[in-house]
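Structure, as structure tokens:
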Amino acid sequence: MSAASRLIAGLTSPWSLGFSTFGVAYGFYHVWDSTQSGTRYDLAEDLAGKTYIVTGATSGIGKATAEELAKRHARVIMACRNREKCVEVRRDIVLNTKNKQVYCRQCDLTDFDSILSFVSKLSKGKFELDRIDGVVHNAATMEPERKVNKEGIERTLATNHLGAFLMTGLLLEKLQAQTHPVRLVFVNTNLIQKKTELNFGNFNEEVQPKDPKSEEEKALPKKWDAYEVYKRTKLAEAMFAKDLSEKLKDSNISVTMADPGRTASNLSAQLDAEINFLSRWMLKPVSFLMGARRVEKAVRPVLYAVADPVMDGETGIFINRERKTQEWGDKAEDVEARKRLWAVSQKWTRFPERLAQLHQYVAGGEEGKQTAADTKTPKNRMPLVEAGTWNPPSAKAVETSSGRSWKTLWLW
């Protein structure tokens, strides 16, 4: 056999073809991944002496955010529902960053008493924080079926909006009392701009029972749609963030919403398509081709919003994956809808009552006591503020309800 024949035989052998195919595939992956990663960005700041709270910090963008902040010597408070998992993730972050100032604090956003306990411990006692420089509201869920928390509130709504609403409100006095700037960052998505709006008539995302009897029950959706519910709750969060930015525009607190873009996270891990082995692996290449970025890349706009000096003095903006300003969308800009959402959120979280409990704890009283006789919440349908009947309480009424100033009670 001639040298040329041997060369051709070698090039066409199964091993050679296999390695060539692998090389081409890897090259394609590398080019595509680099393209989808977006503009290169690396936060160059040394964050020593600063403190950040990150919710949902045990996985995905939350974990990446906590680790990146720890790399830059910040003190990081991981606010997580699952304490055991948090301890494991915290250990890995400490080993990777050599920063021991990373702490686990239990905080279940579906449990409003857990949020009260979390803020209380940060406000007084051995876990008290001397300063907070930023809060990253990252925790989010996409529930495979309708579930409610102990107060009868649907869990996606509680996690993606109401929990952040309550936590922010309870932290507000502490943040305003500081002399340095504070950044609040809400991790959100531009999906809120695409065919979605809040339904105040079914704000608690009820679905039609198997045997609907009343006309009201028959009008409910027949099936649970996790994706649509997720979009509506993220819209609620966006409306809250937009309203909050306007209320705080003359304070030391700035508010930014960051969209990391399509991300390869475990947000939808509980859905049927993800649980099934075959469909999960079929979805991976589809997700990749659609531009889903690894969390290490997707975290960039979040870091930019919470710690980059370029964002000093900026507030009320919504940045995209390239860290450029984008529109909030008509629904988030709807002032009347935002007022109504604020009223419902305050009522459902029982904010005035829980703020009074926080004050009682900080002042030296017992934490967690119910201060009103009518605090029981229905387990089924939640009360709503009907269209056209909403009126914000007057400053005097708010003062009477808790003995505190109107500004303390959520800046009415």
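Ligands are numbered from 1 in the order shown, chains are lettered A, B, ... in the order of the structure tokens, and residues start at 1 in each chain.
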Practice problem: Show which residues sit within 8 Å of Val187 in chain A, as a list in words. Count only C-alpha atoms, and ignore same-chain residues fewer than 3 positions away. | Solution: Val136, His137, Asn138, Met257, Ala258, Asp259, Pro260 and Val302 of chain A
Selection near Val76 in chain A, 9 Å with only C-alpha atoms, sequence-local residues under 4 positions removed, as a PDB file with N, CA and C atoms, in the first residue's frame:
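Everything below was put into part14.pdb:
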```pdb
ATOM      1  N   LYS A  50     -18.071  45.849  52.826  1.00  0.00           N
ATOM      2  CA  LYS A  50     -19.462  45.997  52.414  1.00  0.00           C
ATOM      3  C   LYS A  50     -20.244  44.709  52.672  1.00  0.00           C
ATOM      4  N   THR A  51     -21.549  44.862  52.843  1.00  0.00           N
ATOM      5  CA  THR A  51     -22.409  43.722  53.176  1.00  0.00           C
ATOM      6  C   THR A  51     -23.569  43.644  52.197  1.00  0.00           C
ATOM      7  N   TYR A  52     -23.821  42.430  51.708  1.00  0.00           N
ATOM      8  CA  TYR A  52     -24.899  42.214  50.742  1.00  0.00           C
ATOM      9  C   TYR A  52     -25.772  41.040  51.170  1.00  0.00           C
ATOM     10  N   ILE A  53     -27.069  41.193  50.971  1.00  0.00           N
ATOM     11  CA  ILE A  53     -28.028  40.114  51.206  1.00  0.00           C
ATOM     12  C   ILE A  53     -28.457  39.575  49.848  1.00  0.00           C
ATOM     13  N   VAL A  54     -28.417  38.249  49.686  1.00  0.00           N
ATOM     14  CA  VAL A  54     -28.825  37.617  48.428  1.00  0.00           C
ATOM     15  C   VAL A  54     -29.869  36.552  48.739  1.00  0.00           C
ATOM     16  N   ALA A  66     -23.683  35.367  45.048  1.00  0.00           N
ATOM     17  CA  ALA A  66     -23.057  35.262  46.371  1.00  0.00           C
ATOM     18  C   ALA A  66     -21.557  34.960  46.242  1.00  0.00           C
ATOM     19  N   GLU A  67     -21.211  34.048  45.350  1.00  0.00           N
ATOM     20  CA  GLU A  67     -19.801  33.670  45.193  1.00  0.00           C
ATOM     21  C   GLU A  67     -18.976  34.811  44.596  1.00  0.00           C
ATOM     22  N   LEU A  69     -19.569  38.035  44.806  1.00  0.00           N
ATOM     23  CA  LEU A  69     -19.408  39.075  45.825  1.00  0.00           C
ATOM     24  C   LEU A  69     -18.380  38.649  46.868  1.00  0.00           C
ATOM     25  N   ALA A  70     -18.413  37.362  47.244  1.00  0.00           N
ATOM     26  CA  ALA A  70     -17.444  36.855  48.218  1.00  0.00           C
ATOM     27  C   ALA A  70     -16.027  36.906  47.660  1.00  0.00           C
ATOM     28  N   GLN A 101     -16.452  35.283  55.477  1.00  0.00           N
ATOM     29  CA  GLN A 101     -17.565  36.169  55.818  1.00  0.00           C
ATOM     30  C   GLN A 101     -18.785  35.899  54.932  1.00  0.00           C
ATOM     31  N   VAL A 102     -19.139  34.650  54.824  1.00  0.00           N
ATOM     32  CA  VAL A 102     -20.334  34.226  54.099  1.00  0.00           C
ATOM     33  C   VAL A 102     -21.208  33.491  55.107  1.00  0.00           C
ATOM     34  N   TYR A 103     -22.456  33.915  55.250  1.00  0.00           N
ATOM     35  CA  TYR A 103     -23.293  33.392  56.327  1.00  0.00           C
ATOM     36  C   TYR A 103     -24.649  32.915  55.802  1.00  0.00           C
ATOM     37  N   CYS A 104     -25.122  31.826  56.374  1.00  0.00           N
ATOM     38  CA  CYS A 104     -26.450  31.307  56.055  1.00  0.00           C
ATOM     39  C   CYS A 104     -27.463  31.863  57.050  1.00  0.00           C
TER      40      CYS A 104
END
```
Self-check item: Which of A:Phe200, A:Phe112, A:Tyr41, A:Phe118 sits closest to Ala158 in chain A [using only C-alpha atoms]
Solution: A:Phe112
Quiz prompt | Among the residues A:Glu145, A:Glu336, A:Glu327, A:Asp42, the one that comes closest to Tyr227 in chain A [using only C-alpha atoms] | solution = A:Glu145
Tell me which protein, DNA and RNA residues are within 12 Å of Arg155 in chain A, counting only C-alpha atoms, leaving out same-chain ones fewer than 4 positions away, and put them as a tab-separated table (two decimals) with N, CA and C atoms, in the first residue's frame.
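File selection-v4.tsv, as written:
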```tsv
chain	number	residue	atom	x	y	z
A	108	ASP	N	-37.62	31.83	54.43
A	108	ASP	CA	-38.53	31.23	53.46
A	108	ASP	C	-39.50	32.31	52.98
A	109	LEU	N	-39.37	32.72	51.72
A	109	LEU	CA	-40.19	33.83	51.22
A	109	LEU	C	-41.67	33.48	51.11
A	110	THR	N	-42.01	32.20	51.17
A	110	THR	CA	-43.43	31.83	51.17
A	110	THR	C	-44.03	31.91	52.57
A	111	ASP	N	-43.18	32.07	53.57
A	111	ASP	CA	-43.61	32.12	54.97
A	111	ASP	C	-43.32	33.52	55.50
A	112	PHE	N	-44.35	34.34	55.64
A	112	PHE	CA	-44.15	35.73	56.01
A	112	PHE	C	-43.63	35.87	57.45
A	140	ALA	N	-36.80	32.96	43.12
A	140	ALA	CA	-37.99	32.86	42.27
A	140	ALA	C	-38.34	31.39	42.12
A	141	THR	N	-39.60	31.14	41.78
A	141	THR	CA	-40.04	29.76	41.60
A	141	THR	C	-41.03	29.68	40.45
A	142	MET	N	-41.14	28.49	39.87
A	142	MET	CA	-42.14	28.20	38.85
A	142	MET	C	-42.76	26.86	39.26
A	143	GLU	N	-43.86	26.92	39.99
A	143	GLU	CA	-44.45	25.73	40.60
A	143	GLU	C	-45.19	24.87	39.56
A	144	PRO	N	-45.00	23.54	39.61
A	144	PRO	CA	-45.64	22.65	38.64
A	144	PRO	C	-47.15	22.52	38.83
A	145	GLU	N	-47.63	22.82	40.01
A	145	GLU	CA	-49.06	22.77	40.29
A	145	GLU	C	-49.38	23.82	41.34
A	146	ARG	N	-50.64	24.16	41.47
A	146	ARG	CA	-51.02	25.21	42.41
A	146	ARG	C	-50.90	24.72	43.84
A	147	LYS	N	-50.10	25.44	44.61
A	147	LYS	CA	-49.94	25.17	46.03
A	147	LYS	C	-50.04	26.49	46.77
A	148	VAL	N	-50.47	26.43	48.02
A	148	VAL	CA	-50.59	27.65	48.81
A	148	VAL	C	-49.74	27.55	50.06
A	149	ASN	N	-49.38	28.71	50.61
A	149	ASN	CA	-48.65	28.72	51.87
A	149	ASN	C	-49.64	28.62	53.04
A	150	LYS	N	-49.14	28.74	54.25
A	150	LYS	CA	-50.00	28.53	55.42
A	150	LYS	C	-51.07	29.60	55.56
A	151	GLU	N	-50.92	30.71	54.83
A	151	GLU	CA	-51.91	31.78	54.89
A	151	GLU	C	-52.87	31.74	53.70
A	159	THR	N	-43.53	33.84	46.64
A	159	THR	CA	-42.08	33.84	46.46
A	159	THR	C	-41.62	34.96	45.55
A	160	ASN	N	-42.27	35.09	44.40
A	160	ASN	CA	-41.78	36.00	43.37
A	160	ASN	C	-42.13	37.46	43.59
A	161	HIS	N	-43.13	37.74	44.42
A	161	HIS	CA	-43.48	39.14	44.66
A	161	HIS	C	-43.71	39.50	46.12
A	162	LEU	N	-44.68	38.85	46.76
A	162	LEU	CA	-45.08	39.29	48.10
A	162	LEU	C	-43.96	39.16	49.13
A	163	GLY	N	-43.16	38.10	49.02
A	163	GLY	CA	-42.06	37.92	49.97
A	163	GLY	C	-41.05	39.06	49.86
A	204	ASN	N	-54.98	35.43	43.25
A	204	ASN	CA	-54.40	34.28	43.96
A	204	ASN	C	-54.29	33.04	43.07
A	205	GLU	N	-54.47	33.22	41.78
A	205	GLU	CA	-54.23	32.19	40.77
A	205	GLU	C	-54.99	30.88	41.06
A	206	GLU	N	-56.27	31.02	41.34
A	206	GLU	CA	-57.08	29.82	41.56
A	206	GLU	C	-57.43	29.16	40.23
A	226	ALA	N	-48.08	27.03	34.71
A	226	ALA	CA	-46.96	27.50	35.52
A	226	ALA	C	-46.23	28.66	34.87
A	229	VAL	N	-48.35	31.93	35.07
A	229	VAL	CA	-48.38	32.40	36.46
A	229	VAL	C	-47.04	33.03	36.82
A	230	TYR	N	-45.97	32.39	36.39
A	230	TYR	CA	-44.63	32.94	36.62
A	230	TYR	C	-44.50	34.34	36.03
A	233	THR	N	-46.49	36.93	38.08
A	233	THR	CA	-45.88	37.27	39.38
A	233	THR	C	-44.61	38.09	39.19
```
Quiz item: Quick one: of A:Lys234, A:Leu166, A:Thr325, A:Lys297, who's nearest to Arg262 in chain A, counting only C-alpha atoms?
Solution: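 Result for the nearest residue to Arg262 in chain A: A:Lys297.
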Exercise. May I have the residues within 10 Å of Gln193 in chain A as a list in words, using only C-alpha atoms and disregarding those fewer than 4 positions away in the same chain?
Key: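 That gives Thr189, Glu197, Lys231, Leu235, Glu327, Trp328, Gly329, Asp330, Lys331 and Ala332 of chain A.
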